[in-house]
$ cat final.txt   # compact mmCIF, C-alpha atoms
# COMPACT_ATOMS: atom_id res chain seq x y z
CA MET A 1 105.52 84.83 98.99
CA ASP A 2 108.86 86.53 98.49
CA ALA A 3 109.97 89.12 95.96
CA ARG A 4 112.23 87.80 93.26
CA VAL A 5 114.87 90.45 94.06
CA ASP A 6 115.30 92.81 96.99
CA LEU A 7 115.46 95.99 94.94
CA TYR A 8 116.50 98.06 97.97
CA ALA A 9 119.40 95.76 98.86
CA ASN A 10 120.62 95.50 95.26
CA ALA A 11 122.98 98.43 94.49
CA LEU A 12 121.64 99.01 90.99
CA GLY A 13 118.03 98.54 92.09
CA ALA A 14 118.46 101.06 94.90
CA LYS A 15 120.04 103.56 92.50
CA VAL A 16 117.19 103.22 90.00
CA LEU A 17 114.59 103.57 92.76
CA ARG A 18 116.29 106.72 94.09
CA HIS A 19 115.94 108.34 90.67
CA ILE A 20 112.30 107.32 90.32
CA ASN A 21 111.65 108.56 93.86
CA SER A 22 113.21 111.93 92.97
CA ALA A 23 110.81 112.29 90.07
CA GLY A 24 107.94 111.28 92.36
CA LYS A 25 108.98 113.92 94.90
CA ALA A 26 108.77 116.64 92.24
CA VAL A 27 105.20 115.55 91.51
CA SER A 28 104.17 115.20 95.15
CA ASP A 29 105.49 118.73 95.80
CA SER A 30 103.46 120.14 92.90
CA THR A 31 100.10 121.90 93.14
CA LEU A 32 98.26 118.84 91.86
CA PRO A 33 95.92 118.05 94.79
CA ALA A 34 97.24 115.31 97.07
CA ALA A 35 93.88 113.48 97.04
CA THR A 36 93.93 113.43 93.24
CA GLN A 37 97.48 112.09 93.29
CA GLU A 38 96.46 109.15 95.48
CA LEU A 39 93.36 108.41 93.36
CA VAL A 40 95.54 108.32 90.24
CA LYS A 41 98.03 105.96 91.90
CA ILE A 42 95.24 103.68 93.08
CA ARG A 43 93.47 103.54 89.70
CA ALA A 44 96.62 102.79 87.71
CA SER A 45 97.60 100.15 90.26
CA GLN A 46 94.18 98.51 89.97
CA ILE A 47 94.47 98.36 86.19
CA ASN A 48 98.00 96.95 86.37
CA GLY A 49 97.21 94.46 89.13
CA CYS A 50 99.90 95.84 91.45
CA GLY A 51 98.96 94.66 94.93
CA PHE A 52 101.97 96.30 96.56
CA CYS A 53 101.07 99.76 95.24
CA LEU A 54 97.38 99.26 96.04
CA ASP A 55 98.30 98.33 99.60
CA MET A 56 100.54 101.37 99.93
CA HIS A 57 98.35 104.01 98.32
CA THR A 58 95.03 102.98 99.83
CA LYS A 59 96.64 103.04 103.29
CA GLU A 60 98.35 106.38 102.65
CA ALA A 61 95.12 107.89 101.31
CA ALA A 62 93.12 106.64 104.29
CA ALA A 63 95.72 108.02 106.69
CA ALA A 64 95.46 111.39 104.92
CA GLY A 65 91.70 111.41 105.56
CA GLU A 66 90.30 109.84 102.39
CA SER A 67 86.98 108.14 103.05
CA ALA A 68 86.51 104.39 102.79
CA LEU A 69 83.60 105.01 100.42
CA ARG A 70 85.75 106.90 97.91
CA LEU A 71 88.58 104.38 98.18
CA ASN A 72 86.14 101.54 97.56
CA MET A 73 84.63 103.30 94.55
CA VAL A 74 87.82 104.12 92.61
CA ALA A 75 87.47 101.07 90.35
CA ALA A 76 83.92 102.14 89.46
CA TRP A 77 84.54 105.90 89.35
CA ARG A 78 82.36 106.42 86.26
CA GLU A 79 79.25 105.27 88.12
CA ALA A 80 80.20 106.78 91.49
CA THR A 81 78.85 110.15 92.57
CA VAL A 82 81.62 110.75 95.12
CA PHE A 83 84.26 112.20 92.79
CA THR A 84 84.57 115.77 91.52
CA GLU A 85 84.61 116.57 87.82
CA ALA A 86 88.33 117.36 88.12
CA GLU A 87 89.00 113.98 89.75
CA ARG A 88 86.98 112.26 87.03
CA ALA A 89 89.07 113.98 84.37
CA ALA A 90 92.27 112.86 86.11
CA LEU A 91 90.99 109.29 86.42
CA GLU A 92 90.05 109.18 82.73
CA LEU A 93 93.50 110.46 81.75
CA THR A 94 95.01 107.86 84.09
CA GLU A 95 93.08 105.03 82.48
CA GLN A 96 93.94 106.09 78.96
CA GLY A 97 97.59 106.76 79.86
CA THR A 98 97.85 103.38 81.57
CA ARG A 99 96.12 101.42 78.80
CA LEU A 100 98.19 102.78 75.91
CA ALA A 101 98.54 99.38 74.30
CA ASP A 102 94.76 98.91 74.32
CA ALA A 103 94.06 101.98 72.16
CA SER A 104 95.80 102.63 68.87
CA GLY A 105 95.25 106.36 69.26
CA GLY A 106 96.71 106.64 72.74
CA VAL A 107 95.17 109.35 74.91
CA THR A 108 92.23 111.04 73.20
CA ASP A 109 92.00 114.77 72.61
CA GLU A 110 88.71 114.70 74.50
CA ALA A 111 90.34 113.25 77.63
CA TRP A 112 93.17 115.78 77.42
CA GLU A 113 90.85 118.75 76.86
CA ASN A 114 88.65 117.67 79.75
CA ALA A 115 91.67 117.48 82.07
CA ALA A 116 92.87 120.88 80.79
CA LYS A 117 89.55 122.41 81.91
CA HIS A 118 90.38 121.53 85.51
CA TYR A 119 94.17 121.73 85.78
CA ASP A 120 96.71 124.39 84.82
CA GLU A 121 99.77 123.55 82.74
CA ASP A 122 102.00 122.71 85.72
CA GLN A 123 99.30 120.46 87.15
CA LEU A 124 98.89 118.74 83.78
CA VAL A 125 102.65 118.12 83.66
CA ALA A 126 102.45 116.74 87.20
CA LEU A 127 99.49 114.54 86.24
CA MET A 128 101.20 113.14 83.14
CA SER A 129 104.39 112.55 85.10
CA LEU A 130 102.52 110.88 87.95
CA ILE A 131 100.76 108.51 85.54
CA ALA A 132 104.12 107.55 84.03
CA ILE A 133 105.80 107.15 87.44
CA ILE A 134 103.09 104.98 89.00
CA ASN A 135 103.03 102.80 85.89
CA THR A 136 106.80 102.37 86.27
CA TYR A 137 106.43 101.35 89.91
CA ASN A 138 103.55 99.01 89.05
CA ARG A 139 105.60 97.27 86.40
CA LEU A 140 108.65 96.87 88.63
CA ASN A 141 106.54 95.44 91.44
CA VAL A 142 104.49 93.11 89.24
CA ILE A 143 107.56 91.77 87.44
CA ASN A 144 109.31 91.34 90.80
CA ARG A 145 106.24 89.75 92.43
CA GLN A 146 106.54 92.23 95.29
CA PRO A 147 104.31 90.93 98.12
CA ALA A 148 101.42 93.10 99.32
CA GLY A 149 99.67 93.54 102.62
CA ASP A 150 102.43 94.47 105.04
CA TYR A 151 102.91 98.13 104.08
CA ARG A 152 102.93 100.58 107.00
CA VAL A 153 101.88 104.22 106.50
CA GLY A 154 104.99 106.35 106.08
CA GLN A 155 107.23 103.35 105.56
CA PHE A 156 109.23 105.05 102.81
CA ALA A 157 109.07 108.60 104.16
$ encode --input "final.txt" --output "C-alpha cells"
Amino acid sequence: MDARVDLYANALGAKVLRHINSAGKAVSDSTLPAATQELVKIRASQINGCGFCLDMHTKEAAAAGESALRLNMVAAWREATVFTEAERAALELTEQGTRLADASGGVTDEAWENAAKHYDEDQLVALMSLIAIINTYNRLNVINRQPAGDYRVGQFA
C-alpha cells in the first residue's frame, strides 16, 4: 500500500505540515503531562481509524515507558481501572471533541467541568489544541491512505 501523495516531498504539503508541527511543538512543550498527551493522540486516532497515527503514538508511548496494559486498554478506558481520574477526563474530552458531528451539542459542560477539575487553564488550552491537532493529522493521513506499521520511534524528531 502506498500513500496517495508524499506530503513531505510535495512543497505545499511540507509547508502545511511544518505549521501543524509548530502548533504540536507548543503543546508538547506545555505542562500537560506527556503520558496524557499520548493517550489523547491514541484515543482520537482509534476513533478516526488512523493506522499511521496509532502506529506512531503507541510506539512512542511504549518507548517513553507506558505499559502495554494501559496501551491495550485505551479503547475501553471507561471500564479500565488503569487510568487516573485526570486521564479519564482528558479521554472523555477527546472523545467528545473528536466526535463533534455525532452530538448536536458538541462538548458537554459536564465533560469540560470535569477536565477543569484536573487541569489548569494552560493545560486545558493545550488539551483542546492537542485534540484539534491530532484530529487534523488523522484526517490528513486517512484521506491520504498513509500506510501504517513501519514507524520508528523518533522518526520525526
$ atom_distance --input "final.txt" --atom1 "atom CA of Asp109 of chain A" --atom2 "atom CA of Glu85 of chain A"
17.0 Å
$ atom_distance --input "final.txt" --atom1 "atom CA of Gly24 of chain A" --atom2 "atom CA of Glu121 of chain A"
17.6 Å
$ residues_around --input "final.txt" --residues "Arg88 of chain A" --least-positions-apart "2" --cutoff "12 Å" --atoms "all atoms listed in the file" --output "MDAnalysis selection string"
chainID A and resid 36 39:40 43 73:86 90:95 111:112 114:115 117:119
$ write_last_selection --input "final.txt" --atoms "C-alpha atoms" --output "CSV table (one decimal), keeping the file's coordinate frame"
chain,number,residue,atom,x,y,z
A,36,THR,CA,93.9,113.4,93.2
A,39,LEU,CA,93.4,108.4,93.4
A,40,VAL,CA,95.5,108.3,90.2
A,43,ARG,CA,93.5,103.5,89.7
A,73,MET,CA,84.6,103.3,94.6
A,74,VAL,CA,87.8,104.1,92.6
A,75,ALA,CA,87.5,101.1,90.4
A,76,ALA,CA,83.9,102.1,89.5
A,77,TRP,CA,84.5,105.9,89.4
A,78,ARG,CA,82.4,106.4,86.3
A,79,GLU,CA,79.2,105.3,88.1
A,80,ALA,CA,80.2,106.8,91.5
A,81,THR,CA,78.8,110.2,92.6
A,82,VAL,CA,81.6,110.8,95.1
A,83,PHE,CA,84.3,112.2,92.8
A,84,THR,CA,84.6,115.8,91.5
A,85,GLU,CA,84.6,116.6,87.8
A,86,ALA,CA,88.3,117.4,88.1
A,90,ALA,CA,92.3,112.9,86.1
A,91,LEU,CA,91.0,109.3,86.4
A,92,GLU,CA,90.0,109.2,82.7
A,93,LEU,CA,93.5,110.5,81.8
A,94,THR,CA,95.0,107.9,84.1
A,95,GLU,CA,93.1,105.0,82.5
A,111,ALA,CA,90.3,113.2,77.6
A,112,TRP,CA,93.2,115.8,77.4
A,114,ASN,CA,88.6,117.7,79.8
A,115,ALA,CA,91.7,117.5,82.1
A,117,LYS,CA,89.6,122.4,81.9
A,118,HIS,CA,90.4,121.5,85.5
A,119,TYR,CA,94.2,121.7,85.8
$ atom_distance --input "final.txt" --atom1 "atom CA of Gly51 of chain A" --atom2 "atom CA of Ala148 of chain A"
5.3 Å
$ closest_residue --input "final.txt" --among "A:Ile133, A:Val107, A:Met56, A:Ala3" --to "Arg152 of chain A" --atoms "all atoms listed in the file"
A:Met56
$ closest_residue --input "final.txt" --among "A:Ala44, A:Leu124, A:Ala157, A:Val16" --to "Thr98 of chain A" --atoms "all atoms listed in the file"
A:Ala44
$ residues_around --input "final.txt" --residues "Pro147 of chain A" --least-positions-apart "3" --cutoff "9 Å" --atoms "only C-alpha atoms" --output "PyMOL selection string"
chain A and resi 1-3+51-52+141+144+150
$ closest_residue --input "final.txt" --among "A:Leu140, A:Ala116, A:Ala101, A:Ile47" --to "Met128 of chain A" --atoms "all atoms listed in the file"
A:Ala116
$ residues_near_point --input "final.txt" --point "(97.2, 104.8, 101.6)" --cutoff "10 Å" --atoms "only C-alpha atoms" --output "ChimeraX atom specification"
/A:38-39,41-42,53-66,71,151-154
$ closest_residue --input "final.txt" --among "A:Ser45, A:Gln37, A:Gln123, A:Gln96" --to "Asn135 of chain A" --atoms "only C-alpha atoms"
A:Ser45
$ residues_around --input "final.txt" --residues "Ile143 of chain A" --least-positions-apart "6" --cutoff "12 Å" --atoms "all atoms listed in the file" --output "list in words"
Ala3, Arg4, Val5, Leu7, Asn48, Gly49, Cys50, Gly51, Phe52, Thr136 and Tyr137 of chain A
$ closest_residue --input "final.txt" --among "A:Ser30, A:Leu100, A:Ala9, A:Glu110" --to "Ala132 of chain A" --atoms "only C-alpha atoms"
A:Leu100
$ closest_residue --input "final.txt" --among "A:Asp6, A:Glu113, A:Ile20, A:Ala11" --to "Ile134 of chain A" --atoms "only C-alpha atoms"
A:Ile20
$ residues_around --input "final.txt" --residues "Asp122 of chain A" --least-positions-apart "3" --cutoff "9 Å" --atoms "only C-alpha atoms" --output "list in words"
Ser30, Thr31, Leu32, Tyr119, Val125, Ala126 and Leu127 of chain A
$ build_atoms --input "final.txt" --residues "segment 16-27 of chain A" --atoms "all heavy atoms" --output "compact mmCIF listing (two decimals), in the frame of the given file"
# COMPACT_ATOMS: atom_id res chain seq x y z
N VAL A 16 118.34 102.96 90.89
CA VAL A 16 117.19 103.22 90.00
C VAL A 16 116.01 103.76 90.80
O VAL A 16 115.39 104.76 90.43
CB VAL A 16 116.81 101.93 89.23
CG1 VAL A 16 115.46 102.09 88.53
CG2 VAL A 16 117.90 101.56 88.24
N LEU A 17 115.72 103.13 91.93
CA LEU A 17 114.59 103.57 92.76
C LEU A 17 114.80 104.98 93.30
O LEU A 17 113.83 105.76 93.38
CB LEU A 17 114.34 102.59 93.90
CG LEU A 17 113.80 101.22 93.47
CD1 LEU A 17 113.72 100.29 94.68
CD2 LEU A 17 112.45 101.34 92.78
N ARG A 18 116.02 105.35 93.63
CA ARG A 18 116.29 106.72 94.09
C ARG A 18 115.93 107.73 93.01
O ARG A 18 115.35 108.78 93.30
CB ARG A 18 117.75 106.88 94.49
CG ARG A 18 118.04 106.46 95.91
CD ARG A 18 119.40 106.96 96.40
NE ARG A 18 120.52 106.57 95.57
CZ ARG A 18 121.15 105.40 95.63
NH1 ARG A 18 120.77 104.47 96.49
NH2 ARG A 18 122.16 105.15 94.83
N HIS A 19 116.25 107.42 91.77
CA HIS A 19 115.94 108.34 90.67
C HIS A 19 114.43 108.43 90.44
O HIS A 19 113.90 109.53 90.24
CB HIS A 19 116.67 107.93 89.39
CG HIS A 19 118.13 108.22 89.44
ND1 HIS A 19 118.65 109.49 89.35
CD2 HIS A 19 119.19 107.39 89.60
CE1 HIS A 19 119.97 109.45 89.43
NE2 HIS A 19 120.32 108.17 89.58
N ILE A 20 113.76 107.31 90.48
CA ILE A 20 112.30 107.32 90.32
C ILE A 20 111.66 108.08 91.48
O ILE A 20 110.74 108.88 91.28
CB ILE A 20 111.74 105.89 90.21
CG1 ILE A 20 112.31 105.17 88.99
CG2 ILE A 20 110.20 105.94 90.10
CD1 ILE A 20 112.01 103.67 88.97
N ASN A 21 112.17 107.86 92.69
CA ASN A 21 111.65 108.56 93.86
C ASN A 21 111.85 110.07 93.74
O ASN A 21 111.00 110.85 94.18
CB ASN A 21 112.31 108.05 95.15
CG ASN A 21 111.83 106.68 95.53
OD1 ASN A 21 110.78 106.22 95.10
ND2 ASN A 21 112.62 106.00 96.34
N SER A 22 112.96 110.50 93.16
CA SER A 22 113.21 111.93 92.97
C SER A 22 112.17 112.54 92.04
O SER A 22 111.66 113.63 92.30
CB SER A 22 114.61 112.17 92.40
OG SER A 22 115.58 111.85 93.35
N ALA A 23 111.85 111.83 90.99
CA ALA A 23 110.81 112.29 90.07
C ALA A 23 109.46 112.34 90.80
O ALA A 23 108.69 113.29 90.66
CB ALA A 23 110.73 111.40 88.84
N GLY A 24 109.19 111.31 91.59
CA GLY A 24 107.94 111.28 92.36
C GLY A 24 107.84 112.42 93.35
O GLY A 24 106.77 112.98 93.56
N LYS A 25 108.97 112.80 93.94
CA LYS A 25 108.98 113.92 94.90
C LYS A 25 108.62 115.22 94.21
O LYS A 25 107.88 116.05 94.76
CB LYS A 25 110.35 114.01 95.56
CG LYS A 25 110.53 115.17 96.49
CD LYS A 25 110.12 114.82 97.90
CE LYS A 25 110.58 115.87 98.90
NZ LYS A 25 109.55 116.82 99.25
N ALA A 26 109.12 115.42 93.00
CA ALA A 26 108.77 116.64 92.24
C ALA A 26 107.27 116.71 92.03
O ALA A 26 106.65 117.77 92.17
CB ALA A 26 109.52 116.66 90.91
N VAL A 27 106.65 115.58 91.72
CA VAL A 27 105.20 115.55 91.51
C VAL A 27 104.47 115.76 92.83
O VAL A 27 103.53 116.56 92.90
CB VAL A 27 104.75 114.22 90.85
CG1 VAL A 27 103.24 114.11 90.82
CG2 VAL A 27 105.33 114.12 89.44
